[in-house]
Amino acid sequence: MNEYSQIEDSVPGGEVQESLSVELYTTVYHDSGTGYFVGRFVTEDGESVTAVGDMVSPHEGETYILHGKWGAHPRYGKQFQFKSYDIDYPATETGLIEFLSSGLLQGVGRATARKIVKKFGTDAVEVLDNDIDSLLEIDGITKRKLETIRKSWERERAIHALWAILQPFDVGVGMALKIFQQYGTRSAEVVQENPYRLTEEVDGFTFPIADRIAAQTSADLQRASRMEACARYVLSEASRQNGHTYMPMADCVQKMTKMLGEEPEELESTLIDANERAAVVIEDDRAYLPYLYFAEHHVAAEIQRLAGIEGKVTLPDIPAAIAEAERQLGVAFHELQKRAVQSCFEQQLTLITGGPGTGKSTLISAIVLLAEQWGVELKLCAPTGRAAKRMEELTGKQATTIHRMLEYDPVAEVFKRNEELPLDCELLVVDEMSMVDLPLMAWLLSAVPSGARLVLVGDADQLPPVGPGDVLRDLVDSGMLPVHKLTEIFRQADGSGIVRNAHRIKEGHPPEYDTDFLFVRTQGAERMKANIMELVAERIPAEFGLDPLLDIQVLSPTHQTPTGVRELNAALQGALNAKGRVAARIQGMELRLGDKVMQTVNNYMKDVFNGDIGYVESHDSSEGSIEVAFGNQKVKYNIDELHQLTLAYATTVHKSQGSEYQVVVMPFSMQQRVMMYRNLLYTAVSRAKQLFIGVGQEEAFQLAVRSTRNVSRNSSLQDRLSKIFA
């Protein structure tokens, strides 16, 4: 909890609301992610007051009418706690100069602000609203500078208009910024016209909030539209939260009934009507969002296309070539591995799956070696930048993310590479297939040229992808395609306790502790955190010569528990970067120079993706932006983009997919037991290369080994493949 957030009501009857007209002269604290704000203001009578509340975009020199009540902070004394506010632009020329030069308008410093006020006087705000081109009459304001000012002013007006709509519905500043990120200056218009849109297009925006807004602002939305919007929301949540590509009709109707209070028969009729309008798709008593229904159909059809065409290239003696590859790579393949490599050059579509240490990476090296030897045009890709980089380091050949390979256009939100403009290759190898969701697989298959061979490599026992579907598992379990399951641990990995224990965990057997697989037994959340701090900041770096930021990763199964990601990040930041200068505040936490951070959403404009890890390098306090280094790539984040970042000293197991770390440290607490299950633990252990250390309650660790929580997803892909290949 932030030190400013504890307010005690000191007013008898404490619920009386007051309005206070004040001018902001100092921002003490502002979290750009949550909006939490502490500022010092001056009243019309010249009295200095401190006020606390949520504010979307505070600017010194701006005049506000705050609505709230007086309270007392145990440490900071009397404060005004506001629940909402209105903007009342300065009425004096002095106030306007302060306001315009506060950082509100990019390119406008104090000198330019003085010129604007000298020219237009107290009408300056009206000029900005209605005749902003008149600023060209001011010396020093060029057309280019005018456009910068225009964009800043339009953004400011639009975000305050949005906030004015959302405030009565207790929508937080963080959500307001997400909405603004999605719709820009049209945000207020979109919310008023159809707030139900936001339930599908803005992550975390719920149907109940949209329903309340629609009841007051969207009179044209009919009852049928409301029920249809609820149906799409229920299906979207099933996809987002559980990865389902469909819901059984009965389950969908049941959830809608709880949310709307309507009769089930009427809601079932709504689904049928929505199907006729293609708002949802109903097939075999299953309800789909249209894009997921068509993605499933498309993947099945594309698999049929690729599997039914003969290869473009006739190759020489493959067994002899494999023997030569063994010699060059200095390995001796198991018979299972030889058959897998041979299949890659004989079959049109080959699946290779296996756990850590079974030689998947070595097989990729052999495939690249043979393709190069025979002049086969090859492409390598993976779903994340981290996985693609590992592929590149392993093979010495270029590997890219799937999105970059397919030439994603973030403006049009489409891939340029498709059936009309297929990839230029004769062999395509995709690694970390367990992370590829259904929609991405549909796009990928569209771009594979007829006659090219496709090799899909992954571990089907890992966690399913973040997005909907479970493509690799569906393809493996369908029994319709050539699948090579690697079960023998490769010789080089045979001595690894990490590898052996990953396989023991997968099979439900308790692990055997070893020099590279340790467990520190302790009780209590605070003691666990203290042990983790000591291991990460002191003992592991001292004993192994490793960098605590680059080489060690703390993984946790949860976000919010005392040993979850949020608490661990705060503690680790204090242990590893206590003296870093504050660069920004987001989502209730500080970002400091030198902090380890993670990108939390795909951002194709910046070419950074969900799960990418970087380090805060610099910040610009005048515009609230920071710069983050992701390897050799430096990325700038403006103030309304900061919510895309989070601290990454600790992260969830789900976010670690596709990554490898020298050392993984993981807490185990019975408080987290709901999230402790076998394939989550298996995924976490298999992320470690040199050392895995569990910390906490051993009973929680053993519970995870025994737990076979059902993480299966509703998917029709296997059924569709069975019908096609029957």
# chains A, B, ... in the order shown; residues from 1 in each chain; ligands from 1
call {"tool": "closest_atom_pairs", "arguments": {"of": "segment 525-621 of chain A", "to": "segment 674-680 of chain A", "cutoff": "12 Å", "atoms": "only C-alpha atoms", "output": "Markdown table"}}
result
| residue | atom | partner | partner_atom | distance |
| --- | --- | --- | --- | --- |
| A:Leu555 | CA | A:Leu680 | CA | 10.8 |
| A:Ser556 | CA | A:Met675 | CA | 9.6 |
| A:Pro557 | CA | A:Met675 | CA | 6.0 |
| A:Thr558 | CA | A:Met675 | CA | 7.0 |
| A:His559 | CA | A:Met675 | CA | 10.5 |
| A:Gln560 | CA | A:Met675 | CA | 11.8 |
| A:Thr561 | CA | A:Met675 | CA | 10.9 |
| A:Gly564 | CA | A:Met675 | CA | 11.0 |
call {"tool": "select_by_dssp", "arguments": {"residues": "segment 200-243 of chain A", "states": "alpha helix (DSSP H)", "output": "number ranges by chain"}}
result
A: 200-201, 207-217, 223-242
call {"tool": "residues_around", "arguments": {"residues": "Tyr604 of chain A", "least_positions_apart": "2", "cutoff": "8 Å", "atoms": "only C-alpha atoms", "output": "VMD selection string"}}
result
chain A and resid 408 to 410 602 606 to 609
call {"tool": "residues_around", "arguments": {"residues": "Glu526 of chain A", "least_positions_apart": "6", "cutoff": "10 Å", "atoms": "only C-alpha atoms", "output": "PyMOL selection string"}}
result
chain A and resi 532+562-563
call {"tool": "closest_atom_pairs", "arguments": {"of": "segment 614-691 of chain A", "to": "segment 543-547 of chain A", "cutoff": "12 Å", "atoms": "only C-alpha atoms", "output": "CSV"}}
result
residue,atom,partner,partner_atom,distance
A:Tyr661,CA,A:Leu546,CA,11.2
A:Gln662,CA,A:Leu546,CA,8.5
A:Val663,CA,A:Leu546,CA,8.9
A:Gln690,CA,A:Phe544,CA,9.8
A:Leu691,CA,A:Phe544,CA,9.9
call {"tool": "closest_atom_pairs", "arguments": {"of": "segment 612-666 of chain A", "to": "segment 569-576 of chain A", "cutoff": "7 Å", "atoms": "only C-alpha atoms", "output": "JSON lines"}}
result
{"residue": "A:Leu647", "atom": "CA", "partner": "A:Asn569", "partner_atom": "CA", "distance": 6.3}
{"residue": "A:Ala648", "atom": "CA", "partner": "A:Asn569", "partner_atom": "CA", "distance": 6.9}
{"residue": "A:Tyr649", "atom": "CA", "partner": "A:Asn569", "partner_atom": "CA", "distance": 5.5}
{"residue": "A:Ala650", "atom": "CA", "partner": "A:Asn569", "partner_atom": "CA", "distance": 5.4}
call {"tool": "residues_around", "arguments": {"residues": "Arg186 of chain A", "least_positions_apart": "3", "cutoff": "10 Å", "atoms": "only C-alpha atoms", "output": "ChimeraX atom specification"}}
result
/A:155,158-159,161-162,179-180,182-183,189-191
call {"tool": "residues_around", "arguments": {"residues": "segment 288-300 of chain A", "least_positions_apart": "5", "cutoff": "7 Å", "atoms": "only C-alpha atoms", "output": "list in words"}}
result
Arg232, Leu235, Thr245, Tyr246, Met247, Ala279, Val280, Val281, Ile282, Leu438, Pro439, Met441, Ala442, Leu445, Leu717, Arg720 and Leu721 of chain A
call {"tool": "write_last_selection", "arguments": {"atoms": "C-alpha atoms", "output": "PDB file, in the first residue's frame"}}
result
ATOM      1  CA  ARG A 232     -20.400 -12.288 -26.919  1.00  0.00           C
ATOM      2  CA  LEU A 235     -17.789 -16.258 -25.018  1.00  0.00           C
ATOM      3  CA  THR A 245     -12.601 -21.818 -28.565  1.00  0.00           C
ATOM      4  CA  TYR A 246     -16.276 -22.544 -27.850  1.00  0.00           C
ATOM      5  CA  MET A 247     -18.778 -23.032 -25.023  1.00  0.00           C
ATOM      6  CA  ALA A 279     -22.661 -12.324 -34.442  1.00  0.00           C
ATOM      7  CA  VAL A 280     -21.981 -15.781 -32.978  1.00  0.00           C
ATOM      8  CA  VAL A 281     -21.787 -19.213 -34.610  1.00  0.00           C
ATOM      9  CA  ILE A 282     -23.811 -22.195 -33.392  1.00  0.00           C
ATOM     10  CA  LEU A 438      -5.334 -20.969 -32.700  1.00  0.00           C
ATOM     11  CA  PRO A 439      -5.659 -17.579 -34.500  1.00  0.00           C
ATOM     12  CA  MET A 441      -1.738 -20.860 -36.326  1.00  0.00           C
ATOM     13  CA  ALA A 442      -4.447 -20.033 -38.868  1.00  0.00           C
ATOM     14  CA  LEU A 445      -0.603 -22.001 -42.215  1.00  0.00           C
ATOM     15  CA  LEU A 717      -9.891 -29.019 -33.892  1.00  0.00           C
ATOM     16  CA  ARG A 720     -12.442 -31.500 -37.569  1.00  0.00           C
ATOM     17  CA  LEU A 721      -9.154 -33.252 -38.363  1.00  0.00           C
TER      18      LEU A 721
END
call {"tool": "closest_atom_pairs", "arguments": {"of": "segment 79-142 of chain A", "to": "segment 612-635 of chain A", "cutoff": "12 Å", "atoms": "only C-alpha atoms", "output": "tab-separated table"}}
result
residue	atom	partner	partner_atom	distance
A:Ser101	CA	A:Ser622	CA	10.5
A:Ser102	CA	A:Ser622	CA	8.8
A:Gly103	CA	A:Ser622	CA	6.3
A:Leu104	CA	A:Glu623	CA	8.5
A:Leu105	CA	A:Glu623	CA	9.3
A:Gln106	CA	A:Glu623	CA	7.6
A:Gly107	CA	A:Glu623	CA	10.1
A:Val108	CA	A:Ser622	CA	11.1
A:Gly109	CA	A:Ser622	CA	10.3
call {"tool": "residues_around", "arguments": {"residues": "Gly61 of chain A", "least_positions_apart": "4", "cutoff": "8 Å", "atoms": "only C-alpha atoms", "output": "JSON, numbers by chain"}}
result
{"A": [23, 24, 25, 90, 95, 96, 97, 98, 99, 100, 102]}
call {"tool": "select_by_dssp", "arguments": {"residues": "segment 428-483 of chain A", "states": "strand (DSSP E or B)", "output": "list in words"}}
result
Leu428, Val429, Val430, Arg453, Leu454, Val455, Leu456, Val457, Gly458 and Val483 of chain A
call {"tool": "atom_distance", "arguments": {"atom1": "atom CA of Ala684 of chain A", "atom2": "atom CA of Ala537 of chain A"}}
result
20.5 Å
call {"tool": "atom_distance", "arguments": {"atom1": "atom CA of Ser84 of chain A", "atom2": "atom CA of Ser57 of chain A"}}
result
13.1 Å
call {"tool": "closest_residue", "arguments": {"among": "A:Leu166, A:Leu406, A:Ala307, A:Ala224", "to": "Leu267 of chain A", "atoms": "only C-alpha atoms"}}
result
A:Ala224
call {"tool": "closest_residue", "arguments": {"among": "A:Tyr637, A:Tyr36, A:Phe668, A:Phe333", "to": "Leu486 of chain A", "atoms": "only C-alpha atoms"}}
result
A:Phe333
